[in-house]
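*Asks:* First the structure, then my questions, so here it is.
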Amino acid sequence: MLVTGKEILAVAKEKGFAVPAFNAGSGQLLNAVMEACEEANAPVMIAIHPEELRFLTDSFVSQVKYLAEKATIPVCIHLDHGASFEQVIHAIQLGFTSVMIDASHHSFEDNVAISKKVVEAAHAVGVSVEAELGTIGDTGNTVEGGVSEIIYTDPKVAQKFIEETGVDSLAVAIGTAHGIYPKDVDPELRLDILEEIEYLTDVPLVLHGGSSNPDDEIAKAVVMGVNKINISSDIKIVFAEKLRGILNEGNLEIREPNVLFPPCMEATKTVALQKIHLFKADNKAKYYTTSK
């Protein structure tokens with residue numbers, strides 16, 4: 001069933017788990033993560049970045065909506081890192097049920113003003129809004145981007161931001177980065193900052209850059225109040241690695257998509273299932289109403 005971001009995250013906050021937000025950069029990735037979530041009876045947010053949407057074209061959203069409406073689990077279609085009011089409005093017109101406006105690189109005042117404008121427009125048509133306070137790092141080649149120096153979210157400012165904007169969820173910066181960390185980088189989340197933010201705020205918290213962080217830290221973050229975790233690189237890398245292996249076998253007769261891609265999708269599904277269990281989202285679809 002198709003639901004909004006506010007609906008899907010309210011249950012996660014109440015029950016103490018995190019909804020996986022998988023970046024669906026292709027139809028194969030979409031089908032793989034949807035199969036994983038159906039199998040695990042887990043709610044899911046299908047995240048699409050503006051650059052992914054540009055590649056896939058607007059028609060891709062109809063495919064996601066079709067799967068969501070037929071699914072036995074709650075599904076939210078989420079715009080990931082919308083960079084402008086215009087991008088957000090376009091997503092709403094396409095049928096997204098949740099949008100993120102990322103004005104985190106602006107001053108606090110401008111971030112508030114931009115986010116508030118998006119909230120007013122989105123809420124008028126029943127669409128949920130996520131915003132970001134602080135900045136997420138960037139490890140390299142990702143569509144999500146980021147900055148080289150992380151600016152941690154100030155817990156004391158977070159609730160003020162929520163009150164002034166009316167956002168439904170807040171992406172916080174506690175040390176994660178988009179992409180896969182280099183071998184010489186040992187990521188460490190500032191769980192002390194997360195603890196204070198959770199104490200001072202009253203909306204679901206979001207963790208971007210969830211790929212390749214230590215499982216134990218992610219598990220702690222979920223227990224401490226994170227209710228949505230974005231996963232992009234982890235599912236895309238395993239898909240690409242499996243595809244390279246198939247192509248490197250040297251069988252030039254393998255060319256049909258229905259032969260090339262299923263093993264890659266299975267590899268993606270395995271990773272997605274691991275994340276679902278790590279986030280404690282398995283078997284949580286039962287807590288959502290089915291009257292949509």
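By order of appearance in the structure tokens: chains A, B, ..., then residues from 1 within every chain, and ligands from 1 in the order shown.
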Write out as a PyMOL selection string the residues lying within 10 Å of Glu35 (chain A), counting only C-alpha atoms and excluding same-chain residues fewer than 3 positions away.

*Replies:* chain A and resi 29-32+38-41+71+265-266+269+272-273

*Asks:* Would you please give, as JSON, numbers by chain, all residues of region 143-260 of chain A that DSSP assigns to strand (DSSP E) based on the backbone?

*Replies:* {"A": [169, 170, 171, 172, 177, 178, 205, 206, 207, 226, 227, 228, 229, 230, 231]}

*Asks:* Determine the nearest neighbour of Phe60 (chain A) from the options A:Leu260, A:Ile92, A:Ala24, A:Val223, counting only C-alpha atoms.

*Replies:*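 Residue with the minimum atom-to-atom distance to Phe60 (chain A): A:Ala24.
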
*Asks:* Nearest residue to Phe108 (chain A) out of A:Ile162, A:Val238, A:Val222, A:Ala124, using only C-alpha atoms?

*Replies:*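 Looking only at the distances to Phe108 (chain A), the closest residue turns out to be A:Ile162.
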
*Asks:* Looking at A:Val44, A:Leu9, A:Ala91, A:Ile276, which one is nearest to Asp58 (chain A), with distances taken over only C-alpha atoms?

*Replies:* A:Ala91

*Asks:* Could you name the residues that touch Asp102 (chain A) at 10 Å or less, counting only C-alpha atoms, but leaving out those on the same chain fewer than 5 positions away, as a PDB file with C-alpha atoms, in the first residue's frame?

*Replies:*
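Dumped everything to selection.pdb:
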ATOM      1  CA  ASP A  80      15.973  12.143  -1.959  1.00  0.00           C
ATOM      2  CA  HIS A  81      17.935  15.401  -1.576  1.00  0.00           C
ATOM      3  CA  GLY A  82      15.679  17.720  -3.508  1.00  0.00           C
ATOM      4  CA  ALA A  83      17.859  20.748  -4.158  1.00  0.00           C
ATOM      5  CA  SER A  84      15.202  23.328  -4.997  1.00  0.00           C
ATOM      6  CA  PHE A  85      11.559  24.227  -4.551  1.00  0.00           C
ATOM      7  CA  ASN A 111      17.434  26.761   5.419  1.00  0.00           C
ATOM      8  CA  ILE A 114      13.331  27.356   2.071  1.00  0.00           C
ATOM      9  CA  SER A 115      12.174  24.371   4.126  1.00  0.00           C
ATOM     10  CA  GLU A 130      12.084  15.823   5.348  1.00  0.00           C
ATOM     11  CA  ALA A 131      14.781  18.463   5.771  1.00  0.00           C
ATOM     12  CA  GLU A 132      18.423  18.382   6.798  1.00  0.00           C
ATOM     13  CA  LEU A 133      20.329  20.258   9.480  1.00  0.00           C
ATOM     14  CA  THR A 135      25.967  18.438   6.510  1.00  0.00           C
ATOM     15  CA  ALA A 171      18.052  14.303   8.657  1.00  0.00           C
TER      16      ALA A 171
END

*Asks:* Pick from A:Val172, A:Val88, A:Ile46, A:Ile197: nearest to Ser232 (chain A), with only C-alpha atoms counted?

*Replies:*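 Going through A:Val172, A:Val88, A:Ile46, A:Ile197 one by one, the smallest distance to Ser232 (chain A) is for A:Ile46.
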
*Asks:* Between A:Gly175, A:Gly134, A:Gly5, A:Gly225, which residue has the minimum interatomic distance to Phe161 (chain A), considering only C-alpha atoms?

*Replies:*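 Counting only C-alpha atoms, the residue closest to Phe161 (chain A) is A:Gly134.
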
*Asks:* Distance CA of Val112 (chain A)-CA of Leu2 (chain A), one decimal place?

*Replies:* 28.8 Å

*Asks:* Quick one: pick out all helix (DSSP H, G or I) residues within region 104-238 of chain A from a backbone DSSP run and write them as a ChimeraX atom specification.

*Replies:* /A:108-123,155-165,191-200,215-223,233-238

*Asks:* Find the residues near Asn230 (chain A): any atom within 12 Å, counting only C-alpha atoms, skip ones fewer than 5 places away on the same chain, and give them as a count of residues only.

*Replies:* 40

*Asks:* Go through A:Gly25, A:Thr97, A:Thr165, A:Glu249 one by one, measure the shortest atom-to-atom distance of each to Asp110 (chain A) using only C-alpha atoms, and give the residue with the smallest value.

*Replies:* A:Thr165

*Asks:* Quick one: residues within 8 Å of Leu278 (chain A), only C-alpha atoms counted, chain neighbours fewer than 4 positions away excluded, as a PyMOL selection string?

*Replies:* chain A and resi 215+218-219+274

*Asks:* Output N, CA, C and O atoms of each residue in that selection to a file, as a compact mmCIF listing (two decimals), in the first residue's frame.

*Replies:*
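Heads up, here's the output in part_16.txt:
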# COMPACT_ATOMS: atom_id res chain seq x y z
N ASP A 215 28.09 -2.19 11.58
CA ASP A 215 26.75 -2.63 11.94
C ASP A 215 26.41 -2.31 13.39
O ASP A 215 25.27 -1.96 13.71
N ILE A 218 25.31 1.30 13.68
CA ILE A 218 23.99 1.50 13.09
C ILE A 218 22.92 0.94 14.01
O ILE A 218 21.87 1.56 14.24
N ALA A 219 23.16 -0.25 14.56
CA ALA A 219 22.20 -0.86 15.47
C ALA A 219 21.96 0.02 16.70
O ALA A 219 20.82 0.18 17.16
N GLN A 274 19.69 -8.02 4.79
CA GLN A 274 20.58 -7.82 5.94
C GLN A 274 20.33 -6.45 6.58
O GLN A 274 20.29 -6.33 7.81

*Asks:* Tell me, in Å to one decimal, how far CA of Glu256 (chain A) is from CA of Lys236 (chain A).

*Replies:*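 According to the coordinates, CA of Glu256 (chain A) and CA of Lys236 (chain A) are separated by 20.1 Å.
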
*Asks:* Suppose you want the space between CA of Glu164 (chain A) and CA of Lys116 (chain A); what is it in Å?

*Replies:*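 Atom-to-atom, CA of Glu164 (chain A) and CA of Lys116 (chain A) are spaced 7.4 Å apart.
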
*Asks:* Would you mind listing, for every residue of region 172-236 of chain A within 12 Å of region 155-158 of chain A, the two atoms forming the shortest contact and the distance between them in Å to one decimal, using only C-alpha atoms, sorted by chain and ascending residue number, as CSV?

*Replies:*
residue,atom,partner,partner_atom,distance
A:Val172,CA,A:Ala158,CA,8.7
A:Ala173,CA,A:Pro155,CA,10.2
A:Ile174,CA,A:Pro155,CA,10.4
A:Arg190,CA,A:Pro155,CA,11.9
A:Leu191,CA,A:Pro155,CA,11.9
A:Asp192,CA,A:Pro155,CA,10.2
A:Ile193,CA,A:Pro155,CA,6.9
A:Leu194,CA,A:Pro155,CA,7.9
A:Glu195,CA,A:Pro155,CA,9.0
A:Glu196,CA,A:Pro155,CA,6.0
A:Ile197,CA,A:Pro155,CA,4.5
A:Glu198,CA,A:Pro155,CA,8.2
A:Tyr199,CA,A:Pro155,CA,8.8
A:Leu200,CA,A:Pro155,CA,6.9
A:Thr201,CA,A:Ala158,CA,6.9
A:Asp202,CA,A:Ala158,CA,9.9
A:Val203,CA,A:Ala158,CA,10.3
A:Leu205,CA,A:Ala158,CA,10.5

*Asks:* Could you write out the selected residues, including N, CA, C and O atoms, as a short mmCIF file (atom, residue, chain, number, x, y, z; two decimals), in the first residue's frame?

*Replies:*
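File written: result12.cif
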data_model
loop_
_atom_site.label_atom_id
_atom_site.label_comp_id
_atom_site.auth_asym_id
_atom_site.auth_seq_id
_atom_site.Cartn_x
_atom_site.Cartn_y
_atom_site.Cartn_z
N VAL A 172 19.85 14.22 10.27
CA VAL A 172 20.85 14.79 11.16
C VAL A 172 22.25 14.36 10.74
O VAL A 172 22.44 13.29 10.14
N ALA A 173 23.21 15.20 11.02
CA ALA A 173 24.61 14.93 10.69
C ALA A 173 25.35 14.53 11.95
O ALA A 173 25.60 15.36 12.83
N ILE A 174 25.71 13.23 12.03
CA ILE A 174 26.43 12.75 13.21
C ILE A 174 27.70 12.01 12.81
O ILE A 174 28.26 11.25 13.60
N ARG A 190 28.92 9.94 15.90
CA ARG A 190 28.84 10.69 17.15
C ARG A 190 27.49 10.39 17.80
O ARG A 190 26.54 11.17 17.71
N LEU A 191 27.43 9.24 18.45
CA LEU A 191 26.19 8.82 19.07
C LEU A 191 25.80 9.71 20.25
O LEU A 191 24.63 9.78 20.62
N ASP A 192 26.79 10.39 20.81
CA ASP A 192 26.48 11.33 21.90
C ASP A 192 25.64 12.49 21.39
O ASP A 192 24.72 12.97 22.06
N ILE A 193 25.95 12.95 20.15
CA ILE A 193 25.16 14.02 19.54
C ILE A 193 23.76 13.52 19.23
O ILE A 193 22.77 14.20 19.49
N LEU A 194 23.68 12.31 18.68
CA LEU A 194 22.37 11.72 18.38
C LEU A 194 21.51 11.62 19.63
O LEU A 194 20.31 11.93 19.60
N GLU A 195 22.12 11.20 20.73
CA GLU A 195 21.37 11.05 21.99
C GLU A 195 20.74 12.37 22.42
O GLU A 195 19.57 12.42 22.83
N GLU A 196 21.51 13.45 22.30
CA GLU A 196 21.00 14.75 22.71
C GLU A 196 19.92 15.26 21.75
O GLU A 196 18.93 15.85 22.17
N ILE A 197 20.14 15.03 20.46
CA ILE A 197 19.13 15.45 19.47
C ILE A 197 17.82 14.74 19.72
O ILE A 197 16.75 15.34 19.72
N GLU A 198 17.89 13.43 19.95
CA GLU A 198 16.67 12.65 20.18
C GLU A 198 15.94 13.13 21.43
O GLU A 198 14.70 13.19 21.46
N TYR A 199 16.69 13.51 22.43
CA TYR A 199 16.10 13.98 23.68
C TYR A 199 15.38 15.31 23.50
O TYR A 199 14.32 15.55 24.08
N LEU A 200 15.95 16.17 22.66
CA LEU A 200 15.43 17.53 22.51
C LEU A 200 14.40 17.69 21.41
O LEU A 200 13.73 18.74 21.34
N THR A 201 14.25 16.70 20.54
CA THR A 201 13.34 16.84 19.40
C THR A 201 12.16 15.88 19.50
O THR A 201 12.17 14.95 20.31
N ASP A 202 11.17 16.10 18.63
CA ASP A 202 9.96 15.28 18.71
C ASP A 202 9.49 14.74 17.37
O ASP A 202 8.34 14.35 17.23
N VAL A 203 10.36 14.70 16.36
CA VAL A 203 10.00 14.12 15.07
C VAL A 203 10.95 12.97 14.76
O VAL A 203 12.04 12.88 15.35
N LEU A 205 13.90 10.89 13.30
CA LEU A 205 15.22 11.30 12.85
C LEU A 205 15.71 10.39 11.74
O LEU A 205 15.42 9.19 11.72
#
